[in-house]
Structures are given as structure tokens and as C-alpha cells.
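Written below as C-alpha cells is the structure these notes are about.
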Amino acid sequence: MRHEARLGPTESGREVKLGGVNVDVTPLPGIGVRKDFELSSGRRVGVVTHRDGTVDLILSEQDDPDACRAQVPLSNEEAAVLGNLLGAPQLVTQLQEEHRGLTGINTKQLPILEGSPFDGRTLGDTQMRTRTKVSIVAVMRAGQVQPSPGPEFTFTAGDVLVIVGTAEGLAAAAKILHHG
């Protein structure tokens, strides 16, 4: 059974800092844990992780940060996809910032799609480095970053690969992932 989340901090909550943002972590007795933070608009956004493992995305009212405007139940798969959508671009942006000024170095994210010849196969099976000279520096899976995957790392549909290399190498890598 779902319970509507109240968004205001409680006496038993704590605050943690993630990437320069204060995140309130609040136990919800009998329900689970709420983790949320304030947006620049003044609204609060976050998640409620229920004791049964289910997750709700929550958003406060504009004029009342303690009132829940929207509560969206997410399956584990949906939560993982949302994590990938939000996480991979941030990682790519960070890598692009670090490579700024290095001529010829590009960063791109490429998905492993359903039906990809490499869904269920290992990084080594792609022979990506040998064939394209690009490096797969991370894989986003279920909202988690898998840094520096080795040749034994097995891809799964829905993975987002973060790849660094030349423009030509990145184009070749995309073709390999889609066509083999």
C-alpha cells in the first residue's frame, strides 16, 4: 500500500551533501526512507524508497515545499532507466569538461539496445579497442556507474556506455554496437 509522502524535514532526518547539493534523508516509520532536495525554483524533488523496495518519485507544491504535488510510483526497471537518463549525461558532461582543449578527443554515450548483437555478450567480444581505438570508460546500468569495465564485463540491454575517442572511432563504435 502506498502512502502519500510529506516533504518537510523531520526531527529524525539527516542531511547529506551530494555533488554540492544538500539532500535531506528522512526515515518514514512503517513506510521507508525519503530522500529529497530543494530545486532552485523552491520546490523539493526526491524519492521515497519503501520498505518493500518499491520507489516513488516525489515533487512538492510550488508555494508549499511540505505539500506533495505529485507522487509517481516507479518499478525497479523504471527507476533504473530514469537513473540512466539522468546519470549518463552528467558523466559525459564531466568527461567533456576534462577533455576541453584536447583536440581530437571526444566523449559520447551509446546505448545497448534490445536486439543488439552484444546484449548478453562481453566487452571483450566487441573487440572495441582493437577495431576502433576508442575506450569504454564506464557503463551506466540501473542508475549505477560501472567504471572502467574489463573485457569480462557482460552487457545488458539498457546499458549506456560512456566512450572516449576520435570522432571516427566513436562513429565506428556505434555501428559495431548496432550491427556487430
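Letters for chains follow the order of the C-alpha cells (A, B, ...), residue numbers begin at 1 for each chain, and ligand numbers begin at 1 in the order shown.
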*Please identify which residues in chain A DSSP calls strand (DSSP E or B) from the backbone, and express them as a PyMOL selection string.*
chain A and resi 14-18+21-28+32-38+44-50+55-60+68-74+106-111+122+135-141+144-147+154+160-165
Write out, as an mmCIF file, in the first residue's frame, the residues just selected, with C-alpha atoms.
```cif
data_model
loop_
_atom_site.group_PDB
_atom_site.id
_atom_site.type_symbol
_atom_site.label_atom_id
_atom_site.label_comp_id
_atom_site.auth_asym_id
_atom_site.auth_seq_id
_atom_site.Cartn_x
_atom_site.Cartn_y
_atom_site.Cartn_z
ATOM 1 C CA ARG A 14 19.601 13.980 8.467
ATOM 2 C CA GLU A 15 21.205 15.967 5.718
ATOM 3 C CA VAL A 16 23.915 14.692 3.372
ATOM 4 C CA LYS A 17 25.757 16.583 0.659
ATOM 5 C CA LEU A 18 25.831 15.062 -2.853
ATOM 6 C CA VAL A 21 23.575 19.779 -3.049
ATOM 7 C CA ASN A 22 22.081 19.225 0.401
ATOM 8 C CA VAL A 23 19.906 16.108 0.377
ATOM 9 C CA ASP A 24 17.513 15.524 3.280
ATOM 10 C CA VAL A 25 17.279 11.851 4.298
ATOM 11 C CA THR A 26 14.205 11.213 6.411
ATOM 12 C CA PRO A 27 13.035 7.885 7.874
ATOM 13 C CA LEU A 28 9.299 7.372 7.376
ATOM 14 C CA GLY A 32 10.613 3.535 4.279
ATOM 15 C CA VAL A 33 13.015 6.435 3.651
ATOM 16 C CA ARG A 34 12.522 9.740 1.864
ATOM 17 C CA LYS A 35 15.489 11.465 0.154
ATOM 18 C CA ASP A 36 14.819 14.888 -1.334
ATOM 19 C CA PHE A 37 16.421 18.249 -2.072
ATOM 20 C CA GLU A 38 15.388 21.793 -2.930
ATOM 21 C CA ARG A 44 11.556 19.887 -3.492
ATOM 22 C CA VAL A 45 12.118 16.753 -5.563
ATOM 23 C CA GLY A 46 13.166 13.318 -4.426
ATOM 24 C CA VAL A 47 12.323 9.691 -3.924
ATOM 25 C CA VAL A 48 10.617 7.579 -1.316
ATOM 26 C CA THR A 49 12.126 4.104 -1.081
ATOM 27 C CA HIS A 50 9.505 1.864 0.511
ATOM 28 C CA VAL A 55 10.294 3.603 -5.242
ATOM 29 C CA ASP A 56 8.180 6.734 -5.708
ATOM 30 C CA LEU A 57 9.364 9.908 -7.418
ATOM 31 C CA ILE A 58 8.005 12.917 -5.477
ATOM 32 C CA LEU A 59 7.629 16.633 -6.228
ATOM 33 C CA SER A 60 6.443 19.379 -3.869
ATOM 34 C CA CYS A 68 3.322 16.738 -2.212
ATOM 35 C CA ARG A 69 2.174 17.868 -5.679
ATOM 36 C CA ALA A 70 2.985 14.627 -7.471
ATOM 37 C CA GLN A 71 3.936 11.141 -6.373
ATOM 38 C CA VAL A 72 4.820 8.735 -9.200
ATOM 39 C CA PRO A 73 5.317 5.054 -8.385
ATOM 40 C CA LEU A 74 8.237 3.570 -10.344
ATOM 41 C CA ASN A 106 35.506 13.245 -27.937
ATOM 42 C CA THR A 107 33.132 11.669 -25.423
ATOM 43 C CA LYS A 108 29.839 10.024 -26.310
ATOM 44 C CA GLN A 109 27.209 7.841 -24.701
ATOM 45 C CA LEU A 110 25.940 4.850 -26.654
ATOM 46 C CA PRO A 111 23.136 2.521 -25.549
ATOM 47 C CA THR A 122 31.112 -9.327 -23.002
ATOM 48 C CA SER A 135 37.931 3.341 -24.821
ATOM 49 C CA ILE A 136 34.799 2.404 -22.929
ATOM 50 C CA VAL A 137 35.435 4.293 -19.693
ATOM 51 C CA ALA A 138 32.182 3.488 -17.891
ATOM 52 C CA VAL A 139 28.834 1.753 -18.194
ATOM 53 C CA MET A 140 25.652 3.147 -16.660
ATOM 54 C CA ARG A 141 23.379 0.320 -15.502
ATOM 55 C CA GLN A 144 24.774 2.957 -11.139
ATOM 56 C CA VAL A 145 28.112 3.745 -12.764
ATOM 57 C CA GLN A 146 30.342 0.771 -13.524
ATOM 58 C CA PRO A 147 33.732 2.485 -14.021
ATOM 59 C CA THR A 154 28.748 -8.534 -19.784
ATOM 60 C CA VAL A 160 24.581 3.113 -21.561
ATOM 61 C CA LEU A 161 28.260 3.031 -22.496
ATOM 62 C CA VAL A 162 30.428 6.104 -21.981
ATOM 63 C CA ILE A 163 33.065 6.058 -24.703
ATOM 64 C CA VAL A 164 36.098 8.294 -25.345
ATOM 65 C CA GLY A 165 37.969 8.528 -28.647
#
```
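Taking CA of Thr130 in chain A as the reference point, CA of Glu97 in chain A is found at 26.2 Å.
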_Using DSSP assignments from the backbone, pull out every residue in chain A that falls under alpha helix (DSSP H) and give it to me as number ranges by chain._
A: 76-99, 123-126, 128-132, 167-179
Residues of the last selection are to be written out with C-alpha atoms, as an mmCIF file, in the first residue's frame.
```cif
data_model
loop_
_atom_site.group_PDB
_atom_site.id
_atom_site.type_symbol
_atom_site.label_atom_id
_atom_site.label_comp_id
_atom_site.auth_asym_id
_atom_site.auth_seq_id
_atom_site.Cartn_x
_atom_site.Cartn_y
_atom_site.Cartn_z
ATOM 1 C CA ASN A 76 12.640 -1.106 -10.322
ATOM 2 C CA GLU A 77 13.178 -1.139 -14.083
ATOM 3 C CA GLU A 78 11.656 2.351 -14.491
ATOM 4 C CA ALA A 79 13.771 3.724 -11.625
ATOM 5 C CA ALA A 80 16.880 2.235 -13.268
ATOM 6 C CA VAL A 81 16.032 3.782 -16.638
ATOM 7 C CA LEU A 82 15.413 7.169 -15.015
ATOM 8 C CA GLY A 83 18.751 6.874 -13.210
ATOM 9 C CA ASN A 84 20.492 6.128 -16.515
ATOM 10 C CA LEU A 85 18.757 9.033 -18.236
ATOM 11 C CA LEU A 86 19.870 11.421 -15.527
ATOM 12 C CA GLY A 87 23.290 9.924 -14.733
ATOM 13 C CA ALA A 88 24.908 9.213 -18.093
ATOM 14 C CA PRO A 89 24.638 12.774 -19.448
ATOM 15 C CA GLN A 90 26.217 14.114 -16.247
ATOM 16 C CA LEU A 91 29.158 11.736 -16.592
ATOM 17 C CA VAL A 92 29.602 12.614 -20.268
ATOM 18 C CA THR A 93 29.467 16.343 -19.447
ATOM 19 C CA GLN A 94 32.126 15.891 -16.767
ATOM 20 C CA LEU A 95 34.400 13.999 -19.165
ATOM 21 C CA GLN A 96 33.850 16.583 -21.899
ATOM 22 C CA GLU A 97 34.853 19.333 -19.470
ATOM 23 C CA GLU A 98 38.009 17.446 -18.577
ATOM 24 C CA HIS A 99 38.877 16.931 -22.280
ATOM 25 C CA LEU A 123 33.095 -6.176 -23.699
ATOM 26 C CA GLY A 124 35.928 -8.412 -24.920
ATOM 27 C CA ASP A 125 33.590 -9.919 -27.532
ATOM 28 C CA THR A 126 33.224 -6.479 -29.160
ATOM 29 C CA MET A 128 36.085 -2.407 -29.480
ATOM 30 C CA ARG A 129 39.540 -1.060 -28.650
ATOM 31 C CA THR A 130 41.255 -3.112 -31.364
ATOM 32 C CA ARG A 131 38.646 -2.292 -34.022
ATOM 33 C CA THR A 132 38.071 1.411 -33.289
ATOM 34 C CA ALA A 167 35.003 11.242 -33.911
ATOM 35 C CA GLU A 168 35.715 8.488 -36.435
ATOM 36 C CA GLY A 169 36.264 5.917 -33.684
ATOM 37 C CA LEU A 170 33.011 6.862 -31.947
ATOM 38 C CA ALA A 171 31.072 6.533 -35.216
ATOM 39 C CA ALA A 172 32.640 3.099 -35.796
ATOM 40 C CA ALA A 173 31.790 2.057 -32.227
ATOM 41 C CA ALA A 174 28.122 2.997 -32.746
ATOM 42 C CA LYS A 175 27.995 0.853 -35.894
ATOM 43 C CA ILE A 176 29.597 -2.097 -34.120
ATOM 44 C CA LEU A 177 27.149 -1.918 -31.201
ATOM 45 C CA HIS A 178 24.162 -1.795 -33.545
ATOM 46 C CA HIS A 179 25.266 -4.185 -36.292
#
```
*Two-atom distance - CA of Thr54 in chain A, CA of Gly115 in chain A (Å)*: 28.0 Å
